[in-house]
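Novice: Contents are PDB, C-alpha atoms; file name structure.pdb:
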```pdb
ATOM      1  CA  MET W   1      -4.021-207.790   8.461
ATOM      2  CA  ASN W   2      -1.463-205.553  10.124
ATOM      3  CA  THR W   3      -1.181-206.349  13.831
ATOM      4  CA  GLY W   4       1.660-203.937  14.448
ATOM      5  CA  SER W   5       4.252-206.678  14.602
ATOM      6  CA  ASP W   6       7.591-206.078  12.902
ATOM      7  CA  ARG W   7       7.866-209.788  12.056
ATOM      8  CA  GLU W   8       5.887-209.405   8.828
ATOM      9  CA  THR W   9       7.976-209.545   5.708
ATOM     10  CA  ASN W  10       8.056-206.462   3.545
ATOM     11  CA  GLU W  11       6.769-208.465   0.601
ATOM     12  CA  SER W  12       3.584-209.676   2.297
ATOM     13  CA  ALA W  13       2.962-206.242   3.829
ATOM     14  CA  THR W  14       3.292-204.581   0.430
ATOM     15  CA  THR W  15       0.924-207.119  -1.144
ATOM     16  CA  SER W  16      -1.738-206.712   1.538
ATOM     17  CA  GLU W  17      -1.427-202.915   1.463
ATOM     18  CA  ALA W  18      -1.788-202.891  -2.329
ATOM     19  CA  ALA W  19      -4.892-205.086  -2.129
ATOM     20  CA  ALA W  20      -6.375-202.862   0.581
ATOM     21  CA  ASP W  21      -5.577-199.720  -1.427
ATOM     22  CA  SER W  22      -7.179-201.104  -4.598
ATOM     23  CA  ALA W  23     -10.283-202.199  -2.669
ATOM     24  CA  ALA W  24     -10.497-198.827  -0.949
ATOM     25  CA  GLY W  25      -9.965-197.066  -4.277
ATOM     26  CA  SER W  26     -12.783-198.922  -5.986
ATOM     27  CA  ALA W  27     -15.076-198.397  -2.981
ATOM     28  CA  ALA W  28     -14.143-194.720  -2.840
ATOM     29  CA  ALA W  29     -14.784-194.326  -6.556
ATOM     30  CA  GLU W  30     -18.203-195.875  -6.135
ATOM     31  CA  GLU W  31     -19.043-194.057  -2.892
ATOM     32  CA  ALA W  32     -17.448-190.726  -3.788
ATOM     33  CA  PRO W  33     -19.439-187.783  -2.429
ATOM     34  CA  HIS W  34     -21.742-186.188  -4.963
ATOM     35  CA  VAL W  35     -20.508-182.820  -6.190
ATOM     36  CA  SER W  36     -22.736-180.214  -7.791
ATOM     37  CA  LYS W  37     -22.213-179.689 -11.516
ATOM     38  CA  ALA W  38     -22.995-175.977 -11.217
ATOM     39  CA  PRO W  39     -20.310-173.544 -12.415
ATOM     40  CA  ASP W  40     -17.863-172.316  -9.757
ATOM     41  CA  PHE W  41     -19.164-168.731  -9.701
ATOM     42  CA  ILE W  42     -22.642-170.083  -8.880
ATOM     43  CA  LYS W  43     -21.362-172.441  -6.177
ATOM     44  CA  ALA W  44     -19.451-169.552  -4.583
ATOM     45  CA  ARG W  45     -22.653-167.678  -3.726
ATOM     46  CA  ARG W  46     -25.137-169.457  -1.453
ATOM     47  CA  GLY W  47     -28.284-167.719  -2.727
ATOM     48  CA  LEU W  48     -27.318-168.167  -6.364
ATOM     49  CA  HIS W  49     -26.523-171.840  -5.792
ATOM     50  CA  LEU W  50     -29.865-172.398  -4.075
ATOM     51  CA  SER W  51     -31.614-170.716  -7.022
ATOM     52  CA  TRP W  52     -29.645-172.954  -9.392
ATOM     53  CA  GLN W  53     -30.780-176.050  -7.499
ATOM     54  CA  VAL W  54     -34.401-174.911  -7.534
ATOM     55  CA  GLY W  55     -34.130-174.326 -11.294
ATOM     56  CA  VAL W  56     -32.612-177.772 -11.851
ATOM     57  CA  PHE W  57     -35.361-179.327  -9.722
ATOM     58  CA  VAL W  58     -38.119-177.534 -11.657
ATOM     59  CA  VAL W  59     -36.645-178.461 -15.066
ATOM     60  CA  GLY W  60     -36.170-182.098 -13.997
ATOM     61  CA  LEU W  61     -39.690-182.202 -12.613
ATOM     62  CA  ALA W  62     -41.095-180.816 -15.878
ATOM     63  CA  VAL W  63     -39.224-183.426 -17.917
ATOM     64  CA  ILE W  64     -40.353-186.241 -15.606
ATOM     65  CA  GLY W  65     -43.922-184.927 -15.708
ATOM     66  CA  ALA W  66     -43.823-184.905 -19.509
ATOM     67  CA  GLY W  67     -42.446-188.453 -19.410
ATOM     68  CA  ILE W  68     -45.283-189.620 -17.174
ATOM     69  CA  ALA W  69     -47.768-188.016 -19.562
ATOM     70  CA  MET W  70     -46.055-189.758 -22.482
ATOM     71  CA  LEU W  71     -46.600-193.126 -20.823
ATOM     72  CA  VAL W  72     -50.253-192.850 -21.874
ATOM     73  CA  LEU W  73     -49.789-190.433 -24.788
ATOM     74  CA  PRO W  74     -47.610-190.968 -27.847
ATOM     75  CA  GLY W  75     -43.953-190.398 -27.102
ATOM     76  CA  PRO W  76     -40.900-191.872 -25.416
ATOM     77  CA  GLY W  77     -42.182-191.767 -21.832
ATOM     78  CA  TRP W  78     -39.499-193.845 -20.099
ATOM     79  CA  VAL W  79     -36.716-192.037 -21.962
ATOM     80  CA  ALA W  80     -38.053-188.693 -20.736
ATOM     81  CA  ILE W  81     -38.393-189.980 -17.169
ATOM     82  CA  PHE W  82     -34.786-191.188 -17.163
ATOM     83  CA  ALA W  83     -33.668-187.902 -18.742
ATOM     84  CA  GLY W  84     -35.388-185.961 -15.955
ATOM     85  CA  LEU W  85     -33.714-188.191 -13.396
ATOM     86  CA  ALA W  86     -30.357-187.522 -15.064
ATOM     87  CA  ILE W  87     -31.047-183.779 -14.863
ATOM     88  CA  TRP W  88     -31.750-184.120 -11.144
ATOM     89  CA  ALA W  89     -28.619-186.254 -10.705
ATOM     90  CA  THR W  90     -26.441-183.298 -11.720
ATOM     91  CA  GLU W  91     -27.367-181.562  -8.461
ATOM     92  CA  PHE W  92     -28.867-184.029  -5.999
ATOM     93  CA  ALA W  93     -27.046-186.987  -4.467
ATOM     94  CA  TRP W  94     -30.254-188.990  -3.941
ATOM     95  CA  ALA W  95     -31.129-188.709  -7.630
ATOM     96  CA  HIS W  96     -27.590-189.772  -8.541
ATOM     97  CA  PHE W  97     -28.013-192.840  -6.324
ATOM     98  CA  VAL W  98     -31.428-193.676  -7.833
ATOM     99  CA  LEU W  99     -30.077-193.238 -11.371
ATOM    100  CA  ARG W 100     -27.133-195.582 -10.656
ATOM    101  CA  TRP W 101     -29.499-198.155  -9.132
ATOM    102  CA  THR W 102     -31.838-197.883 -12.129
ATOM    103  CA  LYS W 103     -28.995-198.316 -14.612
ATOM    104  CA  ARG W 104     -27.829-201.408 -12.751
ATOM    105  CA  LYS W 105     -31.336-202.934 -12.720
ATOM    106  CA  VAL W 106     -31.893-202.181 -16.426
ATOM    107  CA  SER W 107     -28.546-203.802 -17.286
ATOM    108  CA  GLU W 108     -29.463-206.886 -15.247
ATOM    109  CA  ALA W 109     -32.861-207.103 -16.975
ATOM    110  CA  ALA W 110     -31.226-206.768 -20.407
ATOM    111  CA  GLN W 111     -28.787-209.558 -19.591
ATOM    112  CA  LYS W 112     -31.629-211.733 -18.333
ATOM    113  CA  ALA W 113     -33.665-211.070 -21.491
ATOM    114  CA  LEU W 114     -30.736-212.234 -23.632
ATOM    115  CA  ASP W 115     -30.725-215.634 -21.909
ATOM    116  CA  PRO W 116     -31.696-218.226 -24.572
ATOM    117  CA  ARG W 117     -34.248-219.944 -22.311
ATOM    118  CA  VAL W 118     -35.974-216.637 -21.516
ATOM    119  CA  ARG W 119     -35.985-215.629 -25.185
ATOM    120  CA  ARG W 120     -37.471-218.992 -26.177
ATOM    121  CA  ARG W 121     -40.170-218.653 -23.491
ATOM    122  CA  ASN W 122     -40.993-215.113 -24.639
ATOM    123  CA  ILE W 123     -41.257-216.213 -28.268
ATOM    124  CA  ILE W 124     -43.554-219.101 -27.317
ATOM    125  CA  LEU W 125     -45.785-216.857 -25.170
ATOM    126  CA  THR W 126     -45.976-214.223 -27.916
ATOM    127  CA  SER W 127     -46.876-216.861 -30.500
ATOM    128  CA  VAL W 128     -49.612-218.331 -28.282
ATOM    129  CA  GLY W 129     -50.996-214.832 -27.627
ATOM    130  CA  LEU W 130     -51.068-214.035 -31.348
ATOM    131  CA  VAL W 131     -52.832-217.326 -32.139
ATOM    132  CA  ILE W 132     -55.480-216.640 -29.469
ATOM    133  CA  ALA W 133     -55.966-213.055 -30.694
ATOM    134  CA  GLY W 134     -56.222-214.282 -34.291
ATOM    135  CA  ALA W 135     -58.817-216.911 -33.307
ATOM    136  CA  LEU W 136     -60.908-214.311 -31.471
ATOM    137  CA  ILE W 137     -60.750-211.875 -34.393
ATOM    138  CA  GLY W 138     -61.595-214.676 -36.834
ATOM    139  CA  PHE W 139     -64.601-215.737 -34.741
ATOM    140  CA  TYR W 140     -65.853-212.140 -34.548
ATOM    141  CA  LEU W 141     -65.509-211.685 -38.307
ATOM    142  CA  TRP W 142     -67.248-215.037 -38.966
ATOM    143  CA  LYS W 143     -70.105-214.199 -36.618
ATOM    144  CA  TYR W 144     -70.671-210.491 -37.392
ATOM    145  CA  GLY W 145     -68.622-209.595 -40.476
ATOM    146  CA  LEU W 146     -66.983-206.179 -40.784
ATOM    147  CA  VAL W 147     -69.464-204.477 -38.447
ATOM    148  CA  LEU W 148     -68.251-202.410 -35.541
ATOM    149  CA  PRO W 149     -69.277-203.749 -32.104
ATOM    150  CA  TRP W 150     -71.521-200.753 -31.290
ATOM    151  CA  ASP W 151     -73.390-201.127 -34.600
ATOM    152  CA  ILE W 152     -74.425-204.756 -33.958
ATOM    153  CA  LYS W 153     -78.187-205.179 -33.667
ATOM    154  CA  ASP W 154     -79.557-207.584 -31.052
ATOM    155  CA  GLN W 155     -79.913-210.993 -32.648
TER
END
```
Go through the file and emit its structure as structure tokens.

Specialist:
Amino acid sequence: MNTGSDRETNESATTSEAAADSAAGSAAAEEAPHVSKAPDFIKARRGLHLSWQVGVFVVGLAVIGAGIAMLVLPGPGWVAIFAGLAIWATEFAWAHFVLRWTKRKVSEAAQKALDPRVRRRNIILTSVGLVIAGALIGFYLWKYGLVLPWDIKDQ
């Protein structure tokens, strides 16, 4: 900490300044203001830039909407949602922040899933679930045979 005293040695002042600069540099790199990825000729004109942002918002919204639909329909729903968020992140600081937060959370979840205890627990739970499902299917086949549930007559 620099108190303004000239009694500090140059060596300790240089060390503390270097540490402060590196900390400020990493914080600045992480908290750098978001800059639009639009071409310069578009950013130079206010109306054109606003139209660009509206276009980016509409395209991102369409991709996210398709991703939400693909959550219940066949297709890579989460990939499309993250792609739409990445499209928004090219223009909007809030989307950039949400995308960074999401990437961090997904990385943490992936690391947690690779933990041997968690993997062992997941394998055990999957095995138990498959055994239960197999027992239920076996009971149904033993009781009714290969008859669909809506074709079963009252017995």

Novice: So which residues fall inside 10 Å of (-33.7, -182.9, -20.9) if we count all atoms listed in the file? Mind giving them as a PyMOL selection string?

Specialist: chain W and resi 59-60+62-64+79-87

Novice: Running the PyMOL selection byres ((chain W and resi 100-106) around 12) on this model by hand, what would come out? Give it as JSON, numbers by chain.

Specialist: {"W": [30, 31, 78, 81, 82, 85, 86, 89, 93, 94, 95, 96, 97, 98, 99, 107, 108, 109, 110, 111, 112, 113]}

Novice: Give me, please, the distance in Å between CA of Pro39 (chain W) and CA of Gly55 (chain W), quoted to one decimal.

Specialist: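 Distance between the two atoms: 13.9 Å.
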
Novice: Mind telling me what the PyMOL selection byres ((chain W and resi 36) around 7) catches here, as a PyMOL selection string?

Specialist: chain W and resi 34-35+37-38+90-91

Novice: Write the residues of the preceding selection, restricted to C-alpha atoms, as a PDB file, in the frame of the given file.

Specialist:
```pdb
ATOM      1  CA  HIS W  34     -21.742-186.188  -4.963  1.00  0.00           C
ATOM      2  CA  VAL W  35     -20.508-182.820  -6.190  1.00  0.00           C
ATOM      3  CA  LYS W  37     -22.213-179.689 -11.516  1.00  0.00           C
ATOM      4  CA  ALA W  38     -22.995-175.977 -11.217  1.00  0.00           C
ATOM      5  CA  THR W  90     -26.441-183.298 -11.720  1.00  0.00           C
ATOM      6  CA  GLU W  91     -27.367-181.562  -8.461  1.00  0.00           C
TER       7      GLU W  91
END
```

Novice: From the set W:Asp40, W:Thr126, W:Ile137, W:Gly77, which residue has the shortest atom-to-atom contact distance to Gly65 (chain W), counting all atoms listed in the file?

Specialist: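 Residue with the minimum atom-to-atom distance to Gly65 (chain W): W:Gly77.
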
Novice: So how many Å separate CA of Val58 (chain W) and CA of Leu73 (chain W), to one decimal?

Specialist: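 Value for the CA of Val58 (chain W)-CA of Leu73 (chain W) distance: 21.8 Å.
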
Novice: Have a look at CA of Trp88 (chain W) and CA of Leu48 (chain W) and let me know their distance in Å, one decimal.

Specialist: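 Distance between the two atoms: 17.2 Å.
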